[in-house]
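Quick look at input-v1.cif (mmCIF, C-alpha atoms):
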data_model
loop_
_atom_site.label_atom_id
_atom_site.label_comp_id
_atom_site.auth_asym_id
_atom_site.auth_seq_id
_atom_site.Cartn_x
_atom_site.Cartn_y
_atom_site.Cartn_z
CA MET A 1 96.36 153.93 78.95
CA ARG A 2 96.75 154.97 75.31
CA THR A 3 96.51 153.19 71.97
CA VAL A 4 99.94 152.48 70.51
CA ALA A 5 100.85 151.24 67.05
CA ALA A 6 102.78 147.97 67.03
CA TYR A 7 106.51 147.86 66.32
CA ASP A 8 105.80 146.98 62.67
CA GLN A 9 103.17 149.66 62.08
CA ASP A 10 103.41 153.24 60.91
CA THR A 11 100.84 155.65 59.51
CA THR A 12 100.92 153.98 56.08
CA THR A 13 100.18 150.49 57.43
CA LEU A 14 97.56 151.87 59.84
CA GLY A 15 95.83 153.52 56.90
CA VAL A 16 95.70 150.25 54.97
CA GLU A 17 94.34 148.40 58.00
CA ALA A 18 91.55 150.97 58.44
CA ALA A 19 90.32 150.43 54.88
CA LEU A 20 90.56 146.61 54.83
CA PRO A 21 87.04 145.96 56.23
CA PHE A 22 85.56 147.42 53.02
CA VAL A 23 88.42 146.86 50.58
CA GLU A 24 86.15 145.68 47.74
CA SER A 25 84.16 148.92 47.88
CA CYS A 26 87.36 150.99 48.08
CA ARG A 27 88.24 149.90 44.55
CA ARG A 28 85.44 152.12 43.25
CA ALA A 29 87.10 155.24 44.71
CA ASN A 30 87.76 158.12 42.31
CA SER A 31 90.69 159.42 44.38
CA LEU A 32 92.74 158.74 47.51
CA TRP A 33 93.45 161.43 50.09
CA PHE A 34 95.90 160.52 52.87
CA ALA A 35 96.28 162.75 55.94
CA THR A 36 98.91 162.37 58.66
CA THR A 37 101.32 164.45 60.74
CA ALA A 38 103.80 161.56 60.87
CA PRO A 39 104.51 160.42 57.29
CA ALA A 40 106.79 157.43 56.89
CA TYR A 41 108.55 159.27 54.06
CA VAL A 42 109.13 162.89 53.15
CA ASP A 43 109.95 163.91 49.57
CA LYS A 44 107.87 160.87 48.56
CA VAL A 45 104.12 160.28 48.40
CA ASN A 46 103.04 157.77 51.05
CA ALA A 47 99.54 157.39 49.62
CA THR A 48 100.92 155.38 46.70
CA ALA A 49 101.74 152.44 49.00
CA ILE A 50 98.18 152.52 50.35
CA HIS A 51 96.87 152.74 46.78
CA THR A 52 98.81 149.63 45.75
CA ALA A 53 98.06 147.60 48.88
CA LEU A 54 94.31 148.18 48.45
CA GLN A 55 94.56 147.54 44.69
CA LEU A 56 92.82 150.77 43.76
CA ARG A 57 92.34 151.71 40.13
CA PRO A 58 95.56 153.02 38.52
CA ASN A 59 93.86 155.97 36.80
CA ILE A 60 93.13 157.93 40.00
CA ALA A 61 95.15 160.41 42.02
CA ALA A 62 96.71 159.37 45.34
CA VAL A 63 97.68 162.42 47.38
CA ASP A 64 99.34 163.17 50.73
CA LEU A 65 97.85 166.11 52.63
CA GLY A 66 100.82 167.73 54.30
CA THR A 67 101.82 167.30 57.93
CA SER A 68 99.19 169.36 59.76
CA ILE A 69 96.38 168.19 62.03
CA ARG A 70 93.88 170.06 59.85
CA GLY A 71 94.76 167.71 57.00
CA GLY A 72 92.46 165.08 58.52
CA PHE A 73 89.30 167.10 57.93
CA THR A 74 90.65 168.29 54.58
CA ALA A 75 90.91 164.67 53.43
CA LEU A 76 87.25 164.11 54.32
CA ALA A 77 86.12 167.26 52.50
CA ALA A 78 88.24 166.53 49.41
CA ALA A 79 87.03 162.93 49.13
CA ALA A 80 83.42 164.07 49.57
CA ARG A 81 83.67 166.26 46.47
CA ASP A 82 84.65 163.55 44.00
CA GLY A 83 83.63 160.20 45.47
CA GLY A 84 87.07 159.48 46.85
CA LEU A 85 88.61 157.51 49.68
CA ALA A 86 89.79 159.50 52.72
CA VAL A 87 92.42 157.77 54.87
CA LEU A 88 93.39 159.48 58.13
CA ALA A 89 96.22 158.00 60.20
CA ASP A 90 98.55 159.29 62.86
CA THR A 91 101.07 158.19 65.46
CA ARG A 92 101.34 160.84 68.14
CA GLY A 93 104.04 161.21 70.71
CA GLY A 94 106.02 164.08 72.12
CA HIS A 95 108.84 164.89 74.48
CA VAL A 96 109.50 162.04 76.89
CA GLY A 97 107.27 162.40 79.95
CA GLY A 98 105.47 165.40 78.44
CA ALA A 99 101.78 166.10 78.00
CA ASP A 100 101.70 165.08 74.34
CA GLU A 101 103.28 161.72 75.10
CA ARG A 102 100.80 161.12 77.92
CA GLY A 103 97.78 162.30 75.94
CA GLY A 104 98.65 161.26 72.40
CA GLY A 105 97.61 158.03 70.71
CA ASP A 106 98.00 156.11 67.45
CA ALA A 107 95.00 155.34 65.24
CA ALA A 108 93.55 155.46 61.74
CA ALA A 109 90.16 155.79 60.06
CA ALA A 110 89.01 155.44 56.45
CA PHE A 111 85.86 156.70 54.71
CA LEU A 112 84.62 156.04 51.20
CA PHE A 113 82.38 158.64 49.57
CA GLY A 114 80.04 157.81 46.73
CA ASP A 115 76.46 157.72 45.51
CA ASP A 116 75.30 154.11 45.94
CA ALA A 117 73.97 152.50 49.14
CA VAL A 118 75.55 155.17 51.33
CA ALA A 119 75.51 155.14 55.12
CA ALA A 120 75.12 158.92 55.37
CA ASP A 121 74.58 161.88 53.06
CA VAL A 122 76.77 164.98 53.34
CA VAL A 123 74.38 167.89 53.80
CA ALA A 124 76.82 170.80 54.13
CA THR A 125 80.45 171.71 54.76
CA ALA A 126 81.99 174.99 55.91
CA SER A 127 85.48 176.31 56.66
CA VAL A 128 87.08 179.39 58.22
CA THR A 129 90.84 180.10 58.17
CA ALA A 130 93.02 182.39 60.28
CA GLU A 131 96.75 182.44 61.03
CA PHE A 132 97.75 182.31 64.69
CA LEU A 133 100.40 180.44 66.65
CA ASP A 134 98.71 177.69 68.66
CA ARG A 135 100.84 174.57 68.13
CA TRP A 136 104.01 174.10 66.10
CA ARG A 137 107.00 171.83 65.64
CA ASP A 138 110.37 172.45 64.05
CA GLN A 139 111.51 169.78 61.58
CA SER A 140 114.40 168.83 63.86
CA ASP A 141 112.27 168.53 67.02
CA THR A 142 110.83 165.27 68.36
CA GLY A 143 107.79 166.92 69.93
CA SER A 144 105.46 169.86 69.47
CA SER A 145 105.47 173.16 71.28
CA VAL A 146 102.19 174.66 72.46
CA TRP A 147 101.27 178.24 73.32
CA GLU A 148 99.10 178.86 76.36
CA GLU A 149 95.84 176.98 75.67
CA ARG A 150 93.71 179.94 76.70
CA PHE A 151 95.01 181.97 73.77
CA GLY A 152 94.12 179.22 71.27
CA GLU A 153 90.75 178.70 72.96
CA GLU A 154 89.80 182.34 72.42
CA ARG A 155 90.83 182.27 68.75
CA TYR A 156 88.95 179.04 68.04
CA LEU A 157 85.76 180.34 69.65
CA GLU A 158 85.93 183.40 67.39
CA LEU A 159 86.28 181.15 64.34
CA LEU A 160 83.50 178.87 65.55
CA LYS A 161 81.02 181.76 65.52
CA GLN A 162 81.93 182.49 61.89
CA LEU A 163 81.65 178.80 61.06
CA LEU A 164 78.15 178.49 62.51
CA ALA A 165 77.10 181.61 60.60
CA GLN A 166 78.25 179.92 57.38
CA LEU A 167 76.22 176.81 58.16
CA GLY A 168 73.17 178.98 58.83
CA GLU A 169 73.60 180.67 55.44
CA GLN A 170 73.60 177.21 53.85
CA GLY A 171 70.23 176.45 55.42
CA VAL A 172 71.42 174.19 58.25
CA ASP A 173 68.80 174.21 61.01
CA PRO A 174 70.68 174.00 64.33
CA THR A 175 67.66 172.53 66.12
CA GLY A 176 67.66 169.66 63.61
CA VAL A 177 71.10 168.44 64.72
CA THR A 178 70.82 165.20 66.67
CA ARG A 179 74.42 164.69 67.79
CA PHE A 180 77.72 166.49 67.37
CA ALA A 181 81.41 166.07 68.15
CA VAL A 182 84.35 168.49 68.36
CA SER A 183 87.89 167.59 67.34
CA SER A 184 90.86 169.73 68.34
CA PRO A 185 94.34 169.35 69.84
CA ASN A 186 93.39 172.20 72.20
CA GLY A 187 91.55 170.67 75.16
CA ARG A 188 90.17 173.97 76.43
CA ALA A 189 88.81 174.78 72.97
CA VAL A 190 87.00 171.43 72.86
CA LYS A 191 85.23 172.10 76.16
CA SER A 192 84.25 175.66 75.27
CA ALA A 193 83.15 174.73 71.74
CA THR A 194 81.07 171.84 73.08
CA LYS A 195 79.20 174.22 75.38
CA ALA A 196 78.68 176.73 72.55
CA LEU A 197 77.40 174.02 70.19
CA SER A 198 75.05 172.67 72.87
CA ASP A 199 73.53 176.15 73.18
CA TRP A 200 73.35 176.51 69.37
CA THR A 201 71.85 173.13 68.53
CA LYS A 202 70.16 172.08 71.81
CA ALA A 203 71.64 168.67 70.92
CA THR A 204 73.88 166.37 72.93
CA ALA A 205 77.58 165.96 72.28
CA ASN A 206 78.76 162.40 71.81
CA ASP A 207 79.88 161.07 75.19
CA PRO A 208 83.71 161.03 75.19
CA ARG A 209 83.80 158.44 77.95
CA GLY A 210 85.03 155.16 76.57
CA LEU A 211 87.32 156.95 74.14
CA ASP A 212 89.70 158.16 76.86
CA GLU A 213 92.31 155.49 76.19
CA LEU A 214 92.36 156.49 72.53
CA GLY A 215 94.02 159.79 73.36
CA ASN A 216 94.32 162.60 70.83
CA VAL A 217 95.32 161.07 67.53
CA GLY A 218 96.20 164.20 65.59
CA ALA A 219 95.14 164.18 61.96
CA ALA A 220 93.04 161.05 62.55
CA GLN A 221 91.04 162.61 65.40
CA SER A 222 88.25 164.05 63.26
CA GLY A 223 87.89 160.70 61.50
CA LEU A 224 87.65 158.74 64.75
CA LEU A 225 85.01 161.13 66.11
CA LEU A 226 83.05 160.89 62.86
CA ALA A 227 83.16 157.09 63.12
CA ASP A 228 81.86 157.31 66.70
CA LEU A 229 79.07 159.65 65.60
CA LEU A 230 78.00 157.18 62.91
CA ASP A 231 78.17 154.29 65.40
CA SER A 232 75.70 156.03 67.71
CA ALA A 233 73.36 157.34 65.01
CA ASP A 234 70.00 156.06 63.83
CA GLU A 235 68.32 156.46 60.46
CA GLY A 236 67.40 160.09 59.83
CA ASP A 237 69.72 161.55 62.48
CA THR A 238 71.56 164.76 61.55
CA LEU A 239 75.20 164.71 62.67
CA LEU A 240 77.60 167.63 63.03
CA LEU A 241 81.39 167.22 63.06
CA VAL A 242 83.47 170.29 63.96
CA SER A 243 87.27 170.40 63.68
CA LEU A 244 89.29 173.21 65.29
CA ALA A 245 92.87 173.05 64.04
CA ASP A 246 94.58 176.07 62.44
CA GLY A 247 91.09 177.18 61.50
CA ALA A 248 87.59 175.83 61.87
CA ASP A 249 85.82 173.25 59.68
CA ALA A 250 82.41 171.60 59.85
CA MET A 251 80.59 168.78 58.10
CA VAL A 252 76.88 168.07 58.48
CA LEU A 253 75.62 164.58 57.60
CA ARG A 254 72.28 162.79 57.64
CA ALA A 255 72.20 159.06 58.40
CA THR A 256 70.39 156.81 55.91
CA ALA A 257 68.64 153.46 56.17
CA ASN A 258 71.89 151.76 55.09
CA LEU A 259 73.80 152.91 58.17
CA LYS A 260 73.35 149.90 60.45
CA SER A 261 74.11 147.31 57.78
CA ALA A 262 77.19 149.22 56.69
CA LYS A 263 79.13 148.87 59.95
CA PRO A 264 80.79 145.52 60.68
CA ARG A 265 82.19 146.58 64.07
CA SER A 266 82.00 149.77 66.14
CA LEU A 267 84.94 151.92 67.14
CA ARG A 268 84.38 151.28 70.85
CA ASP A 269 84.28 147.52 70.27
CA ARG A 270 87.64 147.73 68.54
CA LEU A 271 89.13 149.65 71.44
CA ALA A 272 88.22 146.76 73.72
CA GLY A 273 90.79 144.56 71.98
CA GLY A 274 94.57 144.76 71.93
CA THR A 275 97.23 143.87 74.47
CA SER A 276 99.20 145.88 77.02
CA ILE A 277 102.90 146.70 76.74
CA SER A 278 105.35 148.26 79.19
CA TYR A 279 106.65 151.81 78.93
CA THR A 280 110.11 150.41 78.15
CA GLN A 281 108.66 148.42 75.25
CA TYR A 282 106.86 151.55 74.08
CA LEU A 283 110.13 153.51 74.02
CA ILE A 284 111.82 150.74 72.01
CA TRP A 285 108.98 150.54 69.52
CA LYS A 286 109.08 154.32 69.09
CA ASN A 287 112.88 154.23 68.57
CA ARG A 288 113.38 156.43 71.64
CA VAL A 289 115.84 153.97 73.18
CA GLN A 290 117.95 151.18 71.70
CA GLY A 291 116.94 147.66 72.64
CA GLU A 292 119.22 144.62 72.69
CA ARG A 293 120.67 143.89 69.28
CA PRO A 294 119.70 140.56 67.65
CA ARG A 295 122.32 137.84 67.46
CA ARG A 296 122.10 137.68 63.68
CA PRO A 297 123.42 139.93 60.91
CA ASP A 298 121.38 143.04 60.15
CA PRO A 299 119.00 142.70 57.18
CA ASP A 300 120.08 144.00 53.78
CA ARG A 301 118.71 147.21 52.33
CA PRO A 302 115.51 146.61 50.31
CA SER A 303 116.07 146.83 46.56
CA ALA A 304 113.92 149.30 44.59
CA PRO A 305 114.11 147.33 41.29
CA TYR A 306 113.22 144.07 43.08
CA ALA A 307 110.31 145.72 44.86
CA TRP A 308 109.05 147.10 41.54
CA ARG A 309 109.26 143.77 39.72
CA ASN A 310 107.43 141.99 42.54
CA ARG A 311 105.05 144.78 43.55
CA GLY A 312 101.94 142.73 42.75
CA TYR A 313 102.70 140.06 45.34
CA LYS A 314 104.79 142.13 47.75
CA LEU A 315 102.38 145.04 48.18
CA ALA A 316 99.02 143.68 46.99
CA LEU A 317 99.36 139.97 47.88
CA ALA A 318 98.46 139.09 44.28
CA GLY A 319 98.57 135.56 42.95
CA GLY A 320 97.11 133.49 40.14
CA ARG A 321 94.47 130.80 39.61
CA CYS A 322 95.29 128.21 36.95
CA ARG A 323 92.77 128.35 34.11
CA SER A 324 93.15 124.60 33.52
CA CYS A 325 92.90 123.01 36.96
CA GLY A 326 91.94 125.90 39.26
CA ALA A 327 95.00 125.63 41.50
CA VAL A 328 95.96 128.88 43.26
CA ALA A 329 99.54 130.01 43.86
CA TYR A 330 101.18 133.08 45.41
CA PRO A 331 102.90 134.75 43.65
CA ILE A 332 101.92 133.83 40.08
CA PRO A 333 104.31 131.03 39.06
CA ALA A 334 105.81 130.43 35.63
CA VAL A 335 103.90 127.14 35.39
CA CYS A 336 101.13 125.56 37.45
CA HIS A 337 102.53 123.28 40.14
CA LYS A 338 99.73 120.77 39.54
CA CYS A 339 99.06 120.56 35.81
CA ARG A 340 102.02 122.51 34.36
CA ALA A 341 99.75 124.94 32.50
CA VAL A 342 100.98 128.50 31.96
CA ASP A 343 97.77 130.58 31.90
CA PHE A 344 96.46 132.17 35.11
CA ASP A 345 93.68 134.50 36.23
CA ASP A 346 94.55 137.17 38.77
CA VAL A 347 93.50 136.60 42.39
CA SER A 348 94.30 138.39 45.63
CA ALA A 349 94.55 137.16 49.19
CA VAL A 350 93.76 140.62 50.63
CA GLY A 351 90.56 140.36 52.68
CA GLN A 352 90.64 136.56 52.85
CA ARG A 353 90.93 134.32 55.89
CA ALA A 354 93.54 131.61 56.24
CA ARG A 355 94.44 128.77 58.59
CA VAL A 356 97.83 128.02 60.07
CA VAL A 357 99.51 124.94 58.59
CA THR A 358 102.76 125.07 60.54
CA THR A 359 104.75 127.58 62.62
CA THR A 360 108.35 128.29 63.57
CA VAL A 361 109.53 130.38 66.53
CA ASP A 362 112.96 132.03 66.14
CA HIS A 363 114.42 133.68 69.26
CA LEU A 364 117.53 134.94 67.46
CA ALA A 365 116.13 136.45 64.27
CA PHE A 366 116.15 140.19 63.69
CA SER A 367 112.98 141.65 65.25
CA PRO A 368 112.19 144.70 67.40
CA SER A 369 109.77 142.45 69.29
CA PRO A 370 111.33 139.00 69.59
CA PRO A 371 110.77 136.16 69.17
CA LEU A 372 109.95 136.16 65.47
CA VAL A 373 107.09 133.80 64.64
CA SER A 374 106.72 132.64 61.04
CA ALA A 375 104.12 130.33 59.56
CA VAL A 376 102.82 128.65 56.46
CA ILE A 377 99.15 129.60 56.06
CA GLN A 378 96.48 128.12 53.78
CA PHE A 379 93.77 130.39 52.31
CA GLY A 380 90.19 129.19 52.14
CA THR A 381 90.01 129.84 48.38
CA GLY A 382 93.25 128.00 47.77
CA GLY A 383 96.96 128.75 47.83
CA ARG A 384 99.55 128.98 50.57
CA ILE A 385 102.13 131.53 51.59
CA GLN A 386 104.92 131.65 54.13
CA CYS A 387 104.85 134.82 56.19
CA GLU A 388 105.62 136.35 59.56
CA LEU A 389 102.90 136.37 62.22
CA THR A 390 102.32 139.56 64.19
CA ASP A 391 100.21 140.64 67.19
CA VAL A 392 100.78 137.22 68.77
CA ALA A 393 102.02 136.55 72.29
CA SER A 394 103.00 132.99 71.37
CA ALA A 395 102.91 130.75 68.34
CA PRO A 396 99.34 129.95 67.23
CA LEU A 397 98.20 126.36 67.05
CA VAL A 398 97.86 124.50 63.78
CA ASP A 399 94.48 125.27 62.14
CA ASP A 400 94.07 128.56 64.02
CA GLU A 401 92.48 131.26 61.86
CA VAL A 402 94.49 134.30 60.72
CA VAL A 403 93.99 137.22 58.35
CA PRO A 404 96.53 139.11 56.19
CA THR A 405 97.67 142.47 57.54
CA PHE A 406 99.88 145.08 55.85
CA ARG A 407 102.91 145.79 58.00
CA ARG A 408 106.46 147.09 57.87
CA GLY A 409 109.48 144.86 57.82
CA ALA A 410 112.97 146.08 58.58
CA THR A 411 113.93 149.66 57.75
CA VAL A 412 117.47 149.96 56.38
CA ASP A 413 119.09 153.20 55.15
CA GLY A 414 115.72 154.94 55.47
CA ILE A 415 113.94 152.47 53.17
CA HIS A 416 110.84 150.83 54.68
CA ASN A 417 110.26 147.26 53.58
CA TYR A 418 106.45 147.02 53.41
CA ILE A 419 105.18 143.44 53.35
CA TRP A 420 102.09 141.39 54.19
CA LYS A 421 102.08 139.47 57.44
CA ALA A 422 99.24 137.64 59.20
CA ARG A 423 97.53 138.28 62.52
CA PRO A 424 94.99 136.27 64.50
CA ALA A 425 91.38 136.62 63.35
CA VAL A 426 89.25 137.98 66.20
CA THR A 427 85.57 137.65 65.26
CA ASP A 428 83.44 137.07 62.22
CA GLN A 429 82.04 140.59 62.54
CA GLU A 430 85.46 142.17 62.55
CA GLU A 431 86.49 140.56 59.30
CA GLU A 432 83.15 140.98 57.54
CA ARG A 433 83.60 142.31 54.04
CA SER A 434 80.54 144.11 52.69
CA ASN A 435 79.94 146.53 49.86
CA GLY A 436 78.96 149.93 51.21
CA THR A 437 80.75 149.67 54.55
CA ALA A 438 81.57 153.14 55.91
CA GLN A 439 80.52 154.85 52.69
CA LEU A 440 79.39 158.46 52.76
CA ALA A 441 77.77 160.54 50.05
#

Encoded form (structure tokens):
Amino acid sequence: MRTVAAYDQDTTTLGVEAALPFVESCRRANSLWFATTAPAYVDKVNATAIHTALQLRPNIAAVDLGTSIRGGFTALAAAARDGGLAVLADTRGGHVGGADERGGGDAAAAFLFGDDAVAADVVATASVTAEFLDRWRDQSDTGSSVWEERFGEERYLELLKQLLAQLGEQGVDPTGVTRFAVSSPNGRAVKSATKALSDWTKATANDPRGLDELGNVGAAQSGLLLADLLDSADEGDTLLLVSLADGADAMVLRATANLKSAKPRSLRDRLAGGTSISYTQYLIWKNRVQGERPRRPDPDRPSAPYAWRNRGYKLALAGGRCRSCGAVAYPIPAVCHKCRAVDFDDVSAVGQRARVVTTTVDHLAFSPSPPLVSAVIQFGTGGRIQCELTDVASAPLVDDEVVPTFRRGATVDGIHNYIWKARPAVTDQEEERSNGTAQLA
């Protein structure tokens, strides 16, 4: 089994979802660094959609970090330098029936770096770079090619020795390391590096059992392993993350007293959720095969001017609260529907919970995963919206609890129609919103 993004998810929407548990804290970020090997767009920055959906400050940079696996660690290191937000997301596949398809997964992780109430302090970072052909993919190919793993293993072990020497020069005491993890697309390199690090630190590598169904998630792998390290850490523990991908990188962190209160739900708990799909459904969702066409006209191409004019509601789920009577409406109306006043304060439904008011199931509407379920939902702080429901096997009951989720609508002429949908709320812990969640310093 492997984790698979839903039909309406891509790396951009996965990145937003990863940051939602601490969205309020994210708005303090001084930058946004987005790493993926599977960008939804090329010749266009994908981080800007994440920036808008999370309602980050406009006067910060939002940057894509190429299409290499090493970009995941680079995002962490770049965000650590300026108190930024690192978002790592990937959807991995490969040639049908090949090793990458069997062993690859889809996932995302997000980390906020700062100075206040941090979960862990960054003690040191180190990097070594060398050019050698280990894994590559032509722009026209649907899967990667890999040289014999033994060759890459030998190169990575050479770089690891240089990396550990750098850490020693920075005063890192190997015997002080409590736990470590190694991220790499080269399986042999992971095993050999784990043994070498065990000898160097006398510490224990994080147990990979339980993460098997996650698979290798490319640029997000280092982020997922860092999250697992933090989940298993206690106050005062020293953690070492090593990434071997077109070079060698390391980050040493020390857990603080804020660690336990900063985590609403562990990575392994999240992996316990989800539903199973067939291989045929997987191929349809990945656009490898063509499913049955809907019995309705295809959707129109999204309009760039319309999306710009309505970006507040469309991408950030922004609405308004009437200054006279307090009524909430999404999007901001011309006049209040209750008292006819025209002045509103900005509000957002992102991070809120809602309850289902009514639902409709359409078996003929355009959807890669029919039937399409739509609903009117009522937010606890006021206001209603009509939206599509996702991640549901059947229509929820009236008064069931849901939460907004950033997803992709239809893609027409290469334009992705990003919108907010709603999904079932799982637990109180999962949806907890707390300042300082997953922050690093």

Using all atoms listed in the file, which of the listed residues (A:Leu230, A:Ile385, A:Ala375, A:Val328) sits closest to Thr256 in chain A?
->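 Residue with the minimum atom-to-atom distance to Thr256 in chain A: A:Leu230.
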
Ala165 in chain A surroundings by all atoms listed in the file, 12 Å radius, close-in-sequence under 2 positions cut, as a ChimeraX atom specification | /A:125-128,158-163,167-174,200,250

Output of the PyMOL selection byres ((chain A and resi 340-353) around 9), listed as JSON, numbers by chain = {"A": [20, 21, 22, 23, 24, 53, 54, 313, 316, 317, 318, 319, 320, 321, 322, 323, 324, 325, 326, 328, 330, 332, 333, 334, 335, 336, 337, 338, 339, 354, 355, 378, 379, 380, 381, 383, 401, 402, 403, 404, 405, 425, 431, 432, 433]}

Once you have the residues from the selection above, write them out as a JSON list (two decimals), in the frame of the given file, restricted to C-alpha atoms.
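The resulting selection-v4.json:
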[["chain", "number", "residue", "atom", "x", "y", "z"],
["A", 20, "LEU", "CA", 90.56, 146.61, 54.83],
["A", 21, "PRO", "CA", 87.04, 145.96, 56.23],
["A", 22, "PHE", "CA", 85.56, 147.42, 53.02],
["A", 23, "VAL", "CA", 88.42, 146.86, 50.58],
["A", 24, "GLU", "CA", 86.15, 145.68, 47.74],
["A", 53, "ALA", "CA", 98.06, 147.60, 48.88],
["A", 54, "LEU", "CA", 94.31, 148.18, 48.45],
["A", 313, "TYR", "CA", 102.70, 140.06, 45.34],
["A", 316, "ALA", "CA", 99.02, 143.68, 46.99],
["A", 317, "LEU", "CA", 99.36, 139.97, 47.88],
["A", 318, "ALA", "CA", 98.46, 139.09, 44.28],
["A", 319, "GLY", "CA", 98.57, 135.56, 42.95],
["A", 320, "GLY", "CA", 97.11, 133.49, 40.14],
["A", 321, "ARG", "CA", 94.47, 130.80, 39.61],
["A", 322, "CYS", "CA", 95.29, 128.21, 36.95],
["A", 323, "ARG", "CA", 92.77, 128.35, 34.11],
["A", 324, "SER", "CA", 93.15, 124.60, 33.52],
["A", 325, "CYS", "CA", 92.90, 123.01, 36.96],
["A", 326, "GLY", "CA", 91.94, 125.90, 39.26],
["A", 328, "VAL", "CA", 95.96, 128.88, 43.26],
["A", 330, "TYR", "CA", 101.18, 133.08, 45.41],
["A", 332, "ILE", "CA", 101.92, 133.83, 40.08],
["A", 333, "PRO", "CA", 104.31, 131.03, 39.06],
["A", 334, "ALA", "CA", 105.81, 130.43, 35.63],
["A", 335, "VAL", "CA", 103.90, 127.14, 35.39],
["A", 336, "CYS", "CA", 101.13, 125.56, 37.45],
["A", 337, "HIS", "CA", 102.53, 123.28, 40.14],
["A", 338, "LYS", "CA", 99.73, 120.77, 39.54],
["A", 339, "CYS", "CA", 99.06, 120.56, 35.81],
["A", 354, "ALA", "CA", 93.54, 131.61, 56.24],
["A", 355, "ARG", "CA", 94.44, 128.77, 58.59],
["A", 378, "GLN", "CA", 96.48, 128.12, 53.78],
["A", 379, "PHE", "CA", 93.77, 130.39, 52.31],
["A", 380, "GLY", "CA", 90.19, 129.19, 52.14],
["A", 381, "THR", "CA", 90.01, 129.84, 48.38],
["A", 383, "GLY", "CA", 96.96, 128.75, 47.83],
["A", 401, "GLU", "CA", 92.48, 131.26, 61.86],
["A", 402, "VAL", "CA", 94.49, 134.30, 60.72],
["A", 403, "VAL", "CA", 93.99, 137.22, 58.35],
["A", 404, "PRO", "CA", 96.53, 139.11, 56.19],
["A", 405, "THR", "CA", 97.67, 142.47, 57.54],
["A", 425, "ALA", "CA", 91.38, 136.62, 63.35],
["A", 431, "GLU", "CA", 86.49, 140.56, 59.30],
["A", 432, "GLU", "CA", 83.15, 140.98, 57.54],
["A", 433, "ARG", "CA", 83.60, 142.31, 54.04]]

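For the choices A:Asp8, A:Ile415, A:His51, A:Asp300, the atom-to-atom distance to Leu372 in chain A is smallest for A:Asp8 when using all atoms listed in the file.
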
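Shortest atom-to-atom contact with Arg384 in chain A among A:Leu88, A:Ala327, A:Val426, A:Ile60: A:Ala327, counting all atoms listed in the file.
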
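Minimum atom-to-atom distance to Trp136 in chain A, evaluated using all atoms listed in the file, belongs to A:Ile69 out of A:Ile69, A:Ala304, A:Ala49, A:Val398.
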
Find the residues around Val412 in chain A up to 10 Å (all atoms listed in the file counted), leave out those fewer than 4 positions away in its own chain, and share them as an NGL selection string.
-> :A and (298-302 or 416-417)

Nearest residue to Ala393 in chain A from the set A:Leu112, A:Arg423, A:Ala18, A:Leu271 (distances using all atoms listed in the file) |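 Among the listed residues, A:Arg423 lies closest to Ala393 in chain A.
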
Which residues match the PyMOL selection byres ((chain A and resi 202-212) around 9) in the file above, as number ranges by chain?
-> A: 1-2, 174-182, 194-195, 197-201, 213-216, 225, 228-229, 232, 267-268, 271

Might you pull out every residue within 7 Å of range 40-44 of chain A, with all atoms listed in the file counted and same-chain residues fewer than 6 positions away left off, and present them as a ChimeraX atom specification?
-> /A:10-12

Care to translate the PyMOL selection byres ((chain A and resi 106-110) around 6) into actual residues of this file, as a PyMOL selection string?
-> chain A and resi 3-5+14-15+18-19+86-92+105+111+217+220+223

Distance of CA of Trp420 in chain A from CA of Gln386 in chain A, expressed in Å to one decimal place | 10.1 Å

Nearest to Arg27 in chain A among A:Ser303, A:Gln139, A:Gln55, A:Asn46, with distances taken over all atoms listed in the file: which residue is it?
->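 Under the stated criterion, the closest residue is A:Gln55.
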
Point-to-point distance from CA of Asp82 in chain A to CA of Ala255 in chain A, Å rounded to tenths =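 For CA of Asp82 in chain A relative to CA of Ala255 in chain A, the distance reads 19.6 Å.
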